>>> print(open('query15.cif').read())   # mmCIF, C-alpha atoms and all ligand atoms
data_work
loop_
_atom_site.group_PDB
_atom_site.id
_atom_site.type_symbol
_atom_site.label_atom_id
_atom_site.label_comp_id
_atom_site.auth_asym_id
_atom_site.auth_seq_id
_atom_site.Cartn_x
_atom_site.Cartn_y
_atom_site.Cartn_z
ATOM 1 C CA MET A 1 194.717 124.456 201.497
ATOM 2 C CA ASN A 2 198.434 124.581 202.151
ATOM 3 C CA VAL A 3 199.723 121.714 204.257
ATOM 4 C CA ILE A 4 203.202 123.283 204.383
ATOM 5 C CA GLU A 5 203.873 127.023 204.239
ATOM 6 C CA ILE A 6 207.484 128.152 204.380
ATOM 7 C CA ASN A 7 208.154 131.875 204.769
ATOM 8 C CA ASN A 8 211.630 133.377 204.386
ATOM 9 C CA LEU A 9 213.157 130.506 206.285
ATOM 10 C CA THR A 10 216.831 131.134 207.014
ATOM 11 C CA LYS A 11 219.294 128.980 208.901
ATOM 12 C CA THR A 12 222.961 129.709 209.319
ATOM 13 C CA TYR A 13 225.428 127.383 211.016
ATOM 14 C CA GLY A 14 227.752 129.852 212.709
ATOM 15 C CA SER A 15 229.152 131.829 209.825
ATOM 16 C CA SER A 16 228.383 129.212 207.187
ATOM 17 C CA ARG A 17 225.311 129.091 205.005
ATOM 18 C CA GLY A 18 222.550 126.595 205.571
ATOM 19 C CA ILE A 19 219.508 128.065 203.805
ATOM 20 C CA GLU A 20 218.719 131.663 202.863
ATOM 21 C CA SER A 21 215.186 133.017 202.852
ATOM 22 C CA ILE A 22 213.425 129.904 201.562
ATOM 23 C CA SER A 23 209.725 130.323 200.721
ATOM 24 C CA PHE A 24 207.327 127.851 199.116
ATOM 25 C CA ASN A 25 204.034 126.113 199.855
ATOM 26 C CA VAL A 26 202.934 122.505 199.501
ATOM 27 C CA GLU A 27 199.221 122.067 198.870
ATOM 28 C CA GLU A 28 197.048 119.356 200.349
ATOM 29 C CA GLY A 29 197.182 116.164 198.289
ATOM 30 C CA GLU A 30 200.337 117.055 196.365
ATOM 31 C CA ILE A 31 203.421 114.972 195.838
ATOM 32 C CA PHE A 32 205.952 117.773 195.963
ATOM 33 C CA GLY A 33 209.556 117.303 194.908
ATOM 34 C CA PHE A 34 212.407 119.166 196.529
ATOM 35 C CA ILE A 35 215.480 118.879 194.370
ATOM 36 C CA GLY A 36 219.001 120.148 194.503
ATOM 37 C CA PRO A 37 222.560 118.863 194.604
ATOM 38 C CA ASN A 38 224.384 117.720 197.745
ATOM 39 C CA GLY A 39 224.757 120.532 200.222
ATOM 40 C CA ALA A 40 222.073 122.726 198.620
ATOM 41 C CA GLY A 41 220.026 122.869 201.833
ATOM 42 C CA LYS A 42 217.287 120.231 201.466
ATOM 43 C CA SER A 43 217.951 118.486 204.786
ATOM 44 C CA THR A 44 218.354 121.804 206.589
ATOM 45 C CA THR A 45 214.929 122.930 205.324
ATOM 46 C CA ILE A 46 213.299 119.636 206.296
ATOM 47 C CA ARG A 47 214.934 119.471 209.714
ATOM 48 C CA THR A 48 213.788 123.027 210.396
ATOM 49 C CA LEU A 49 210.237 122.139 209.363
ATOM 50 C CA LEU A 50 210.279 119.263 211.835
ATOM 51 C CA SER A 51 211.706 121.446 214.620
ATOM 52 C CA LEU A 52 214.771 119.226 214.882
ATOM 53 C CA ILE A 53 216.782 122.417 214.436
ATOM 54 C CA TYR A 54 215.647 125.998 214.851
ATOM 55 C CA PRO A 55 215.643 128.694 212.170
ATOM 56 C CA THR A 56 217.865 131.770 212.416
ATOM 57 C CA SER A 57 214.958 133.793 211.028
ATOM 58 C CA GLY A 58 211.688 133.286 209.170
ATOM 59 C CA GLY A 59 209.294 130.475 209.906
ATOM 60 C CA ALA A 60 207.028 127.731 208.643
ATOM 61 C CA LYS A 61 203.554 126.384 209.245
ATOM 62 C CA ILE A 62 202.353 122.813 208.927
ATOM 63 C CA PHE A 63 198.592 122.194 208.821
ATOM 64 C CA GLY A 64 198.282 125.982 209.374
ATOM 65 C CA LYS A 65 200.144 125.819 212.692
ATOM 66 C CA ASP A 66 203.530 127.238 213.585
ATOM 67 C CA CYS A 67 205.992 124.388 213.249
ATOM 68 C CA ILE A 68 207.938 125.224 216.405
ATOM 69 C CA GLN A 69 205.097 126.179 218.738
ATOM 70 C CA TYR A 70 202.959 123.181 217.780
ATOM 71 C CA ALA A 71 205.774 120.720 217.065
ATOM 72 C CA PRO A 72 204.525 117.831 219.286
ATOM 73 C CA GLU A 73 200.968 118.095 217.941
ATOM 74 C CA ILE A 74 202.171 118.284 214.325
ATOM 75 C CA ALA A 75 204.505 115.295 214.809
ATOM 76 C CA LYS A 76 201.522 112.987 215.401
ATOM 77 C CA GLU A 77 200.315 113.563 211.845
ATOM 78 C CA VAL A 78 203.700 113.573 210.126
ATOM 79 C CA GLY A 79 205.714 110.595 208.909
ATOM 80 C CA TYR A 80 209.399 111.367 208.451
ATOM 81 C CA LEU A 81 212.113 109.336 206.811
ATOM 82 C CA PRO A 82 215.527 110.920 207.452
ATOM 83 C CA SER A 83 218.281 110.649 204.868
ATOM 84 C CA GLU A 84 220.320 108.510 207.226
ATOM 85 C CA VAL A 85 218.771 106.093 209.689
ATOM 86 C CA PHE A 86 220.468 105.131 212.942
ATOM 87 C CA TYR A 87 219.138 102.477 215.271
ATOM 88 C CA TYR A 88 219.897 100.626 218.440
ATOM 89 C CA ASP A 89 221.381 97.637 216.671
ATOM 90 C CA ASN A 90 220.580 95.162 219.375
ATOM 91 C CA MET A 91 216.812 95.509 219.006
ATOM 92 C CA LYS A 92 214.579 93.319 216.905
ATOM 93 C CA VAL A 93 212.825 95.112 214.039
ATOM 94 C CA ILE A 94 209.356 94.347 215.438
ATOM 95 C CA ASP A 95 210.285 95.719 218.868
ATOM 96 C CA LEU A 96 211.546 98.942 217.333
ATOM 97 C CA LEU A 97 208.390 99.309 215.241
ATOM 98 C CA LYS A 98 206.142 98.662 218.257
ATOM 99 C CA TYR A 99 208.132 101.191 220.254
ATOM 100 C CA SER A 100 207.669 103.760 217.458
ATOM 101 C CA ALA A 101 203.952 102.954 217.298
ATOM 102 C CA SER A 102 203.601 103.576 221.049
ATOM 103 C CA PHE A 103 203.959 107.325 220.390
ATOM 104 C CA TYR A 104 200.653 107.393 218.543
ATOM 105 C CA LYS A 105 197.297 106.916 220.134
ATOM 106 C CA LYS A 106 196.158 104.232 217.709
ATOM 107 C CA ASP A 107 196.640 100.544 217.052
ATOM 108 C CA CYS A 108 199.282 100.352 214.326
ATOM 109 C CA ASN A 109 199.838 96.558 214.404
ATOM 110 C CA LYS A 110 197.823 95.758 211.293
ATOM 111 C CA ARG A 111 199.523 98.508 209.299
ATOM 112 C CA ILE A 112 202.977 97.363 210.468
ATOM 113 C CA ARG A 113 202.230 93.862 209.153
ATOM 114 C CA GLU A 114 200.914 95.215 205.836
ATOM 115 C CA LEU A 115 203.866 97.553 205.300
ATOM 116 C CA ALA A 116 206.418 94.877 206.224
ATOM 117 C CA GLU A 117 204.824 92.556 203.696
ATOM 118 C CA ILE A 118 204.770 95.175 200.924
ATOM 119 C CA MET A 119 208.406 96.097 201.589
ATOM 120 C CA ASP A 120 209.433 92.458 202.034
ATOM 121 C CA LEU A 121 210.899 93.094 205.478
ATOM 122 C CA ASP A 122 211.524 90.321 208.011
ATOM 123 C CA VAL A 123 210.490 91.974 211.302
ATOM 124 C CA SER A 124 211.771 89.102 213.426
ATOM 125 C CA LYS A 125 215.413 89.929 212.598
ATOM 126 C CA LYS A 126 217.783 91.926 214.727
ATOM 127 C CA ILE A 127 218.534 95.351 213.273
ATOM 128 C CA ASP A 128 222.227 94.560 213.601
ATOM 129 C CA ASP A 129 221.839 91.758 211.053
ATOM 130 C CA LEU A 130 220.152 93.885 208.400
ATOM 131 C CA SER A 131 221.739 95.237 205.219
ATOM 132 C CA LEU A 132 221.722 98.972 204.537
ATOM 133 C CA GLY A 133 218.722 98.604 202.200
ATOM 134 C CA ASN A 134 216.781 96.608 204.799
ATOM 135 C CA LYS A 135 217.553 99.252 207.431
ATOM 136 C CA LYS A 136 216.093 101.783 205.018
ATOM 137 C CA LYS A 137 212.949 99.639 204.794
ATOM 138 C CA VAL A 138 212.662 99.745 208.589
ATOM 139 C CA GLY A 139 212.755 103.542 208.325
ATOM 140 C CA ILE A 140 210.028 103.477 205.685
ATOM 141 C CA VAL A 141 207.724 101.274 207.769
ATOM 142 C CA GLN A 142 208.498 103.381 210.831
ATOM 143 C CA GLY A 143 207.597 106.570 208.940
ATOM 144 C CA LEU A 144 204.311 105.241 207.584
ATOM 145 C CA LEU A 145 202.946 102.941 210.302
ATOM 146 C CA HIS A 146 200.658 105.587 211.824
ATOM 147 C CA GLU A 147 199.152 106.495 208.436
ATOM 148 C CA PRO A 148 200.296 110.132 208.590
ATOM 149 C CA LYS A 149 198.555 112.965 206.743
ATOM 150 C CA LEU A 150 201.909 114.414 205.723
ATOM 151 C CA ILE A 151 204.872 112.289 204.657
ATOM 152 C CA ILE A 152 208.301 113.949 204.546
ATOM 153 C CA LEU A 153 211.022 111.932 202.863
ATOM 154 C CA ASP A 154 214.661 113.015 202.755
ATOM 155 C CA GLU A 155 216.533 111.172 199.993
ATOM 156 C CA PRO A 156 214.407 108.075 200.637
ATOM 157 C CA THR A 157 215.585 105.693 197.945
ATOM 158 C CA SER A 158 219.307 105.466 198.673
ATOM 159 C CA GLY A 159 220.151 101.841 199.392
ATOM 160 C CA LEU A 160 216.972 100.386 197.857
ATOM 161 C CA ASP A 161 217.312 98.115 194.839
ATOM 162 C CA PRO A 162 215.235 99.013 191.724
ATOM 163 C CA LEU A 163 212.448 96.512 192.529
ATOM 164 C CA MET A 164 212.104 97.862 196.062
ATOM 165 C CA GLN A 165 212.211 101.431 194.786
ATOM 166 C CA GLN A 166 209.267 100.613 192.536
ATOM 167 C CA LYS A 167 207.334 99.001 195.411
ATOM 168 C CA PHE A 168 208.098 102.019 197.554
ATOM 169 C CA PHE A 169 206.884 104.438 194.860
ATOM 170 C CA ASP A 170 203.690 102.374 194.442
ATOM 171 C CA LEU A 171 203.220 102.545 198.198
ATOM 172 C CA LEU A 172 203.670 106.324 198.202
ATOM 173 C CA GLU A 173 201.212 106.713 195.346
ATOM 174 C CA ALA A 174 198.673 104.585 197.240
ATOM 175 C CA GLU A 175 199.148 106.713 200.388
ATOM 176 C CA ASN A 176 198.734 109.836 198.262
ATOM 177 C CA LYS A 177 195.484 108.478 196.733
ATOM 178 C CA LYS A 178 194.221 107.904 200.273
ATOM 179 C CA GLY A 179 194.841 111.605 200.948
ATOM 180 C CA ALA A 180 198.403 111.950 202.216
ATOM 181 C CA THR A 181 200.463 114.939 201.124
ATOM 182 C CA ILE A 182 204.092 114.117 200.344
ATOM 183 C CA LEU A 183 207.272 116.200 200.402
ATOM 184 C CA PHE A 184 209.997 114.249 198.645
ATOM 185 C CA SER A 185 213.569 115.482 198.666
ATOM 186 C CA SER A 186 216.038 114.058 196.225
ATOM 187 C CA HIS A 187 219.005 114.789 194.040
ATOM 188 C CA ILE A 188 217.904 112.043 191.640
ATOM 189 C CA LEU A 189 215.898 113.936 189.100
ATOM 190 C CA SER A 190 214.373 110.971 187.286
ATOM 191 C CA GLU A 191 212.596 109.779 190.435
ATOM 192 C CA VAL A 192 211.233 113.253 191.164
ATOM 193 C CA GLN A 193 210.039 113.480 187.571
ATOM 194 C CA ARG A 194 208.314 110.107 187.882
ATOM 195 C CA LEU A 195 206.499 110.767 191.118
ATOM 196 C CA CYS A 196 205.935 114.462 191.744
ATOM 197 C CA ASP A 197 203.320 117.001 190.630
ATOM 198 C CA ARG A 198 205.351 120.104 191.433
ATOM 199 C CA VAL A 199 208.914 120.735 192.298
ATOM 200 C CA ALA A 200 211.041 123.328 194.086
ATOM 201 C CA ILE A 201 214.607 123.575 192.868
ATOM 202 C CA ILE A 202 217.148 124.617 195.495
ATOM 203 C CA LYS A 203 220.663 125.788 194.790
ATOM 204 C CA GLU A 204 223.247 127.007 197.297
ATOM 205 C CA GLY A 205 220.607 127.575 199.966
ATOM 206 C CA LYS A 206 218.179 129.500 197.752
ATOM 207 C CA ILE A 207 215.078 128.502 195.790
ATOM 208 C CA VAL A 208 215.744 128.866 192.083
ATOM 209 C CA GLN A 209 212.290 127.872 190.824
ATOM 210 C CA VAL A 210 208.974 126.390 191.973
ATOM 211 C CA GLU A 211 207.007 124.879 189.115
ATOM 212 C CA LYS A 212 204.737 122.091 187.929
ATOM 213 C CA ILE A 213 206.808 119.304 186.400
ATOM 214 C CA SER A 214 204.575 119.338 183.306
ATOM 215 C CA ILE A 215 205.120 123.090 182.777
ATOM 216 C CA LEU A 216 208.837 122.799 183.443
ATOM 217 C CA LYS A 217 208.994 120.316 180.631
ATOM 218 C CA GLU A 218 206.520 122.045 178.272
ATOM 219 C CA ASN A 219 207.936 125.542 178.556
ATOM 220 C CA ASN A 220 211.337 124.333 177.993
ATOM 221 C CA HIS A 221 213.405 122.909 175.310
ATOM 222 C CA LYS A 222 212.918 120.168 172.809
ATOM 223 C CA LYS A 223 215.853 117.900 172.327
ATOM 224 C CA PHE A 224 216.816 117.276 168.707
ATOM 225 C CA LYS A 225 218.947 114.321 167.746
ATOM 226 C CA ILE A 226 219.908 114.025 164.116
ATOM 227 C CA GLU A 227 221.834 111.388 162.245
ATOM 228 C CA VAL A 228 223.278 113.020 159.131
ATOM 229 C CA SER A 229 224.221 111.292 155.884
ATOM 230 C CA SER A 230 227.345 113.314 155.284
ATOM 231 C CA GLU A 231 229.340 115.478 157.598
ATOM 232 C CA ILE A 232 228.140 119.035 158.137
ATOM 233 C CA GLU A 233 229.892 122.002 159.697
ATOM 234 C CA PRO A 234 229.664 122.033 163.473
ATOM 235 C CA GLY A 235 228.200 125.555 163.396
ATOM 236 C CA TYR A 236 225.375 124.650 161.002
ATOM 237 C CA PHE A 237 222.686 124.637 163.697
ATOM 238 C CA GLU A 238 223.935 127.687 165.552
ATOM 239 C CA MET A 239 220.917 129.984 165.691
ATOM 240 C CA ASP A 240 218.670 131.753 168.200
ATOM 241 C CA GLY A 241 217.137 129.297 170.651
ATOM 242 C CA VAL A 242 219.683 126.528 170.054
ATOM 243 C CA THR A 243 221.949 125.473 172.921
ATOM 244 C CA LYS A 244 224.127 122.571 173.893
ATOM 245 C CA ILE A 245 225.130 121.543 170.382
ATOM 246 C CA GLU A 246 227.020 118.295 170.471
ATOM 247 C CA ALA A 247 228.408 116.553 167.413
ATOM 248 C CA LYS A 248 229.920 113.107 167.364
ATOM 249 C CA ASN A 249 230.607 111.325 164.083
ATOM 250 C CA ALA A 250 227.337 111.386 162.169
ATOM 251 C CA HIS A 251 225.220 112.311 165.195
ATOM 252 C CA ILE A 252 224.316 115.846 166.173
ATOM 253 C CA SER A 253 222.197 116.802 169.150
ATOM 254 C CA PHE A 254 221.063 120.108 170.610
ATOM 255 C CA LEU A 255 218.354 121.690 172.729
ATOM 256 C CA PHE A 256 215.965 124.129 171.097
ATOM 257 C CA ARG A 257 213.478 126.597 172.470
ATOM 258 C CA GLY A 258 211.294 128.634 170.113
ATOM 259 C CA ASP A 259 209.389 128.157 166.836
ATOM 260 C CA ILE A 260 210.091 124.592 165.817
ATOM 261 C CA ASN A 261 209.607 125.446 162.106
ATOM 262 C CA GLN A 262 212.882 127.340 162.076
ATOM 263 C CA VAL A 263 214.791 124.200 162.947
ATOM 264 C CA MET A 264 212.743 122.052 160.593
ATOM 265 C CA ARG A 265 213.641 124.371 157.668
ATOM 266 C CA LYS A 266 217.330 124.062 158.552
ATOM 267 C CA ILE A 267 217.022 120.285 158.697
ATOM 268 C CA ALA A 268 215.203 120.170 155.333
ATOM 269 C CA GLU A 269 218.253 121.672 153.662
ATOM 270 C CA ILE A 270 220.529 118.766 154.526
ATOM 271 C CA GLU A 271 220.474 115.015 153.933
ATOM 272 C CA ILE A 272 219.622 113.148 157.090
ATOM 273 C CA LYS A 273 219.312 109.465 157.955
ATOM 274 C CA ASN A 274 217.243 109.798 161.069
ATOM 275 C CA LEU A 275 215.665 112.365 163.360
ATOM 276 C CA TRP A 276 214.434 112.237 166.967
ATOM 277 C CA ILE A 277 212.665 115.092 168.718
ATOM 278 C CA GLU A 278 212.341 114.435 172.447
ATOM 279 C CA GLU A 279 211.281 116.116 175.651
ATOM 280 C CA PRO A 280 214.475 116.761 177.537
ATOM 281 C CA ASP A 281 214.562 114.996 180.868
ATOM 282 C CA LEU A 282 214.488 116.941 184.079
ATOM 283 C CA GLU A 283 218.237 116.663 184.406
ATOM 284 C CA GLU A 284 218.808 118.635 181.227
ATOM 285 C CA ILE A 285 216.251 121.272 182.216
ATOM 286 C CA PHE A 286 217.703 121.497 185.669
ATOM 287 C CA MET A 287 221.268 121.883 184.443
ATOM 288 C CA HIS A 288 220.075 124.648 182.174
ATOM 289 C CA TYR A 289 218.657 126.532 185.161
ATOM 290 C CA TYR A 290 221.940 126.201 186.916
ATOM 291 C CA GLU A 291 223.943 127.418 183.968
ATOM 292 C CA LYS A 292 221.739 130.492 183.596
ATOM 293 C CA GLU A 293 222.301 131.342 187.239
ATOM 294 C CA ALA A 294 226.043 130.836 187.192
HETATM 295 N N1 LIG B 301 225.401 120.816 211.486
HETATM 296 C C1 LIG B 301 225.937 121.593 210.549
HETATM 297 N N2 LIG B 301 226.971 122.426 210.833
HETATM 298 C C2 LIG B 301 227.516 123.240 209.890
HETATM 299 N N3 LIG B 301 227.089 123.299 208.611
HETATM 300 C C3 LIG B 301 226.074 122.495 208.264
HETATM 301 C C4 LIG B 301 225.450 121.589 209.207
HETATM 302 N N4 LIG B 301 224.459 120.918 208.559
HETATM 303 C C5 LIG B 301 224.473 121.373 207.285
HETATM 304 N N5 LIG B 301 225.444 122.311 207.109
HETATM 305 C C6 LIG B 301 225.733 123.036 205.852
HETATM 306 O O1 LIG B 301 224.526 123.570 205.350
HETATM 307 C C7 LIG B 301 224.472 123.456 203.930
HETATM 308 C C8 LIG B 301 223.208 122.695 203.539
HETATM 309 O O2 LIG B 301 223.344 121.322 203.929
HETATM 310 P P1 LIG B 301 222.155 120.277 203.831
HETATM 311 O O3 LIG B 301 222.587 119.026 204.519
HETATM 312 O O4 LIG B 301 220.900 120.921 204.264
HETATM 313 O O5 LIG B 301 222.080 120.048 202.255
HETATM 314 P P2 LIG B 301 221.310 118.937 201.427
HETATM 315 O O6 LIG B 301 220.722 119.645 200.256
HETATM 316 O O7 LIG B 301 220.403 118.171 202.294
HETATM 317 O O8 LIG B 301 222.497 118.036 200.928
HETATM 318 P P3 LIG B 301 222.706 116.442 200.989
HETATM 319 O O9 LIG B 301 221.946 115.913 199.837
HETATM 320 O O10 LIG B 301 224.181 116.326 200.795
HETATM 321 O O11 LIG B 301 222.235 115.977 202.330
HETATM 322 C C9 LIG B 301 225.761 122.785 203.505
HETATM 323 O O12 LIG B 301 226.654 123.777 203.087
HETATM 324 C C10 LIG B 301 226.250 122.098 204.766
HETATM 325 O O13 LIG B 301 227.653 122.031 204.791
#
>>> encode(input="query15.cif", output="C-alpha cells")
Amino acid sequence: MNVIEINNLTKTYGSSRGIESISFNVEEGEIFGFIGPNGAGKSTTIRTLLSLIYPTSGGAKIFGKDCIQYAPEIAKEVGYLPSEVFYYDNMKVIDLLKYSASFYKKDCNKRIRELAEIMDLDVSKKIDDLSLGNKKKVGIVQGLLHEPKLIILDEPTSGLDPLMQQKFFDLLEAENKKGATILFSSHILSEVQRLCDRVAIIKEGKIVQVEKISILKENNHKKFKIEVSSEIEPGYFEMDGVTKIEAKNAHISFLFRGDINQVMRKIAEIEIKNLWIEEPDLEEIFMHYYEKEA
C-alpha cells in the first residue's frame, strides 16, 4: 500500500519555479529519502503534502486520501519536523510539548518523557535558553510524541551533534520497526544512504530518479584507486566506461562501469603498489546523475 502518492504536483511562486510535475510514491513501512541540493524543491513538495501551501496543479494522497480535502484528519497521523523550527521563546519546553499533545486525542505524557530521555532534552528549561541543537530536539519530540504512522522530516539533522544524530537515527529506525513510514528529506547524502531504503532525487524542481539505494549503488560505478610504482601517462586508463580520472603523484583514481575484466587487464600491464576497488558513495553517484543531465 502507498502511504504517500504524489501525482504531477506543481507549485509555482508567481513566475518563479517551485516544483514541476513531481510524481512518486512512498510505500507503507519504507524509510524513503528525498534528496537534492538547496532550492531543488524538497520543502515545497513537503509543505504541499501537508497542505501548508496549495499546489498550482496536480495533487497528492496520504493514506489514500486527498491531502487537501482531508488535511485535518491526515494531520492526526502525521509527525512533521520542519527544516526550521520557531517557537514562542518564553514558554517552557514541557508546556509547549503538552500544548502540542493536546491536539491529539491520546495521552502522550509517557511518550514525551521517553523521547526527552532518549534525546537528552531538559523539558523544564525555557525555550529561550536552549541552543539551536536543543531547539531541534524539541521539534523532534514534538513531531513524534503522538506516535504517528507517517513521519515527515525536512532536513532534520541540522544543528545536531554526531552523537545526537546517531540517537535520532536509532530512534527513527525503532519507530520504523514499530510500523511507521518515514519520508526523510536531506541534502546530506551519507545520512540518506545510511538510513533509507529508496530515494527520490530532485533537481531544479523535477524528479531525476526514483530508485532503491542498493540498486543505485549496484548498477553504478565501481571506484578504482591505484597506487602505481612508476609514473604512467595520464591517458592510460582512458577507455569505454571510465570516467572521472584523477591522477595525483603516484595515485590514480577513476570510476568504471562495465566488464571489470577490461580494467583488470589494463592494470595487469603496469607495476602497481596497491589497489582498492570500492563502491562509490551516493555523492559520487548523485553527482554523476547531475552531470549527465547538465
Ligand atoms: N515563498 C516562496 N516564494 C518564492 N519562491 C519560493 C518560496 N519558497 C520557495 N521558493 C523557491 O522555490 C524553489 C524550491 O525551494 P525549496 O525551499 O522547496 O527547496 P529545497 O529543496 O527545500 O531547498 P533547501 O534545502 O534550501 O530548503 C526555490 O527556487 C525557491 O527559491
>>> resolve_selection(input="query15.cif", expression="the PyMOL selection byres (((chain A and resi 39-50) around 7) and not hetatm)", output="PDB file with C-alpha atoms, in the coordinates of the input")
ATOM      1  CA  GLY A  18     222.550 126.595 205.571  1.00  0.00           C
ATOM      2  CA  ILE A  19     219.508 128.065 203.805  1.00  0.00           C
ATOM      3  CA  GLY A  36     219.001 120.148 194.503  1.00  0.00           C
ATOM      4  CA  PRO A  37     222.560 118.863 194.604  1.00  0.00           C
ATOM      5  CA  ASN A  38     224.384 117.720 197.745  1.00  0.00           C
ATOM      6  CA  SER A  51     211.706 121.446 214.620  1.00  0.00           C
ATOM      7  CA  LEU A  52     214.771 119.226 214.882  1.00  0.00           C
ATOM      8  CA  ILE A  53     216.782 122.417 214.436  1.00  0.00           C
ATOM      9  CA  TYR A  54     215.647 125.998 214.851  1.00  0.00           C
ATOM     10  CA  PRO A  55     215.643 128.694 212.170  1.00  0.00           C
ATOM     11  CA  ALA A  60     207.028 127.731 208.643  1.00  0.00           C
ATOM     12  CA  CYS A  67     205.992 124.388 213.249  1.00  0.00           C
ATOM     13  CA  ASP A 154     214.661 113.015 202.755  1.00  0.00           C
ATOM     14  CA  SER A 185     213.569 115.482 198.666  1.00  0.00           C
ATOM     15  CA  ILE A 202     217.148 124.617 195.495  1.00  0.00           C
ATOM     16  CA  LYS A 203     220.663 125.788 194.790  1.00  0.00           C
ATOM     17  CA  GLU A 204     223.247 127.007 197.297  1.00  0.00           C
ATOM     18  CA  GLY A 205     220.607 127.575 199.966  1.00  0.00           C
TER      19      GLY A 205
END
>>> residues_near_point(input="query15.cif", point="(212.6, 128.8, 171.8)", cutoff="9 Å", atoms="all atoms listed in the file", output="PDB file with C-alpha atoms, keeping the file's coordinate frame")
ATOM      1  CA  ASN A 219     207.936 125.542 178.556  1.00  0.00           C
ATOM      2  CA  ASN A 220     211.337 124.333 177.993  1.00  0.00           C
ATOM      3  CA  HIS A 221     213.405 122.909 175.310  1.00  0.00           C
ATOM      4  CA  LYS A 222     212.918 120.168 172.809  1.00  0.00           C
ATOM      5  CA  ASP A 240     218.670 131.753 168.200  1.00  0.00           C
ATOM      6  CA  GLY A 241     217.137 129.297 170.651  1.00  0.00           C
ATOM      7  CA  VAL A 242     219.683 126.528 170.054  1.00  0.00           C
ATOM      8  CA  PHE A 256     215.965 124.129 171.097  1.00  0.00           C
ATOM      9  CA  ARG A 257     213.478 126.597 172.470  1.00  0.00           C
ATOM     10  CA  GLY A 258     211.294 128.634 170.113  1.00  0.00           C
ATOM     11  CA  ASP A 259     209.389 128.157 166.836  1.00  0.00           C
ATOM     12  CA  ILE A 260     210.091 124.592 165.817  1.00  0.00           C
TER      13      ILE A 260
END
>>> closest_residue(input="query15.cif", among="A:Thr10, A:Ser23, A:Ser214, A:Ser186", to="ligand LIG 301 (chain B)", atoms="all atoms listed in the file")
A:Ser186
>>> closest_residue(input="query15.cif", among="A:Arg113, A:Gly14, A:Lys126, A:Glu173", to="Asp95 (chain A)", atoms="all atoms listed in the file")
A:Lys126
>>> resolve_selection(input="query15.cif", expression="the PyMOL selection byres (((chain A and resi 85) around 12) and not hetatm)", output="PyMOL selection string")
chain A and resi 80-84+86-89+127+132-140+142-143+153-156+158-159
>>> resolve_selection(input="query15.cif", expression="the PyMOL selection byres (((chain A and resi 98) around 10) and not hetatm)", output="list in words")
Val93, Ile94, Asp95, Leu96, Leu97, Tyr99, Ser100, Ala101, Ser102, Phe103, Asp107, Cys108, Asn109, Ile112, Gln142 and Leu145 of chain A
>>> write_last_selection(input="query15.cif", atoms="C-alpha atoms", output="mmCIF file, in the coordinates of the input")
data_model
loop_
_atom_site.group_PDB
_atom_site.id
_atom_site.type_symbol
_atom_site.label_atom_id
_atom_site.label_comp_id
_atom_site.auth_asym_id
_atom_site.auth_seq_id
_atom_site.Cartn_x
_atom_site.Cartn_y
_atom_site.Cartn_z
ATOM 1 C CA VAL A 93 212.825 95.112 214.039
ATOM 2 C CA ILE A 94 209.356 94.347 215.438
ATOM 3 C CA ASP A 95 210.285 95.719 218.868
ATOM 4 C CA LEU A 96 211.546 98.942 217.333
ATOM 5 C CA LEU A 97 208.390 99.309 215.241
ATOM 6 C CA TYR A 99 208.132 101.191 220.254
ATOM 7 C CA SER A 100 207.669 103.760 217.458
ATOM 8 C CA ALA A 101 203.952 102.954 217.298
ATOM 9 C CA SER A 102 203.601 103.576 221.049
ATOM 10 C CA PHE A 103 203.959 107.325 220.390
ATOM 11 C CA ASP A 107 196.640 100.544 217.052
ATOM 12 C CA CYS A 108 199.282 100.352 214.326
ATOM 13 C CA ASN A 109 199.838 96.558 214.404
ATOM 14 C CA ILE A 112 202.977 97.363 210.468
ATOM 15 C CA GLN A 142 208.498 103.381 210.831
ATOM 16 C CA LEU A 145 202.946 102.941 210.302
#
>>> atom_distance(input="query15.cif", atom1="CA of Phe169 (chain A)", atom2="CA of Leu195 (chain A)")
7.4 Å
>>> atom_distance(input="query15.cif", atom1="CA of His187 (chain A)", atom2="CA of Ile277 (chain A)")
26.1 Å
>>> residues_around(input="query15.cif", residues="Leu163 (chain A)", least_positions_apart="3", cutoff="12 Å", atoms="all atoms listed in the file", output="JSON, numbers by chain")
{"A": [118, 119, 120, 133, 157, 159, 160, 166, 167, 168, 169, 170]}
>>> closest_residue(input="query15.cif", among="A:Phe24, A:Asp161, A:Glu5, A:Ile201", to="ligand LIG 301 (chain B)", atoms="all atoms listed in the file")
A:Ile201
>>> atom_distance(input="query15.cif", atom1="CA of Ile62 (chain A)", atom2="CA of Ser16 (chain A)")
26.9 Å
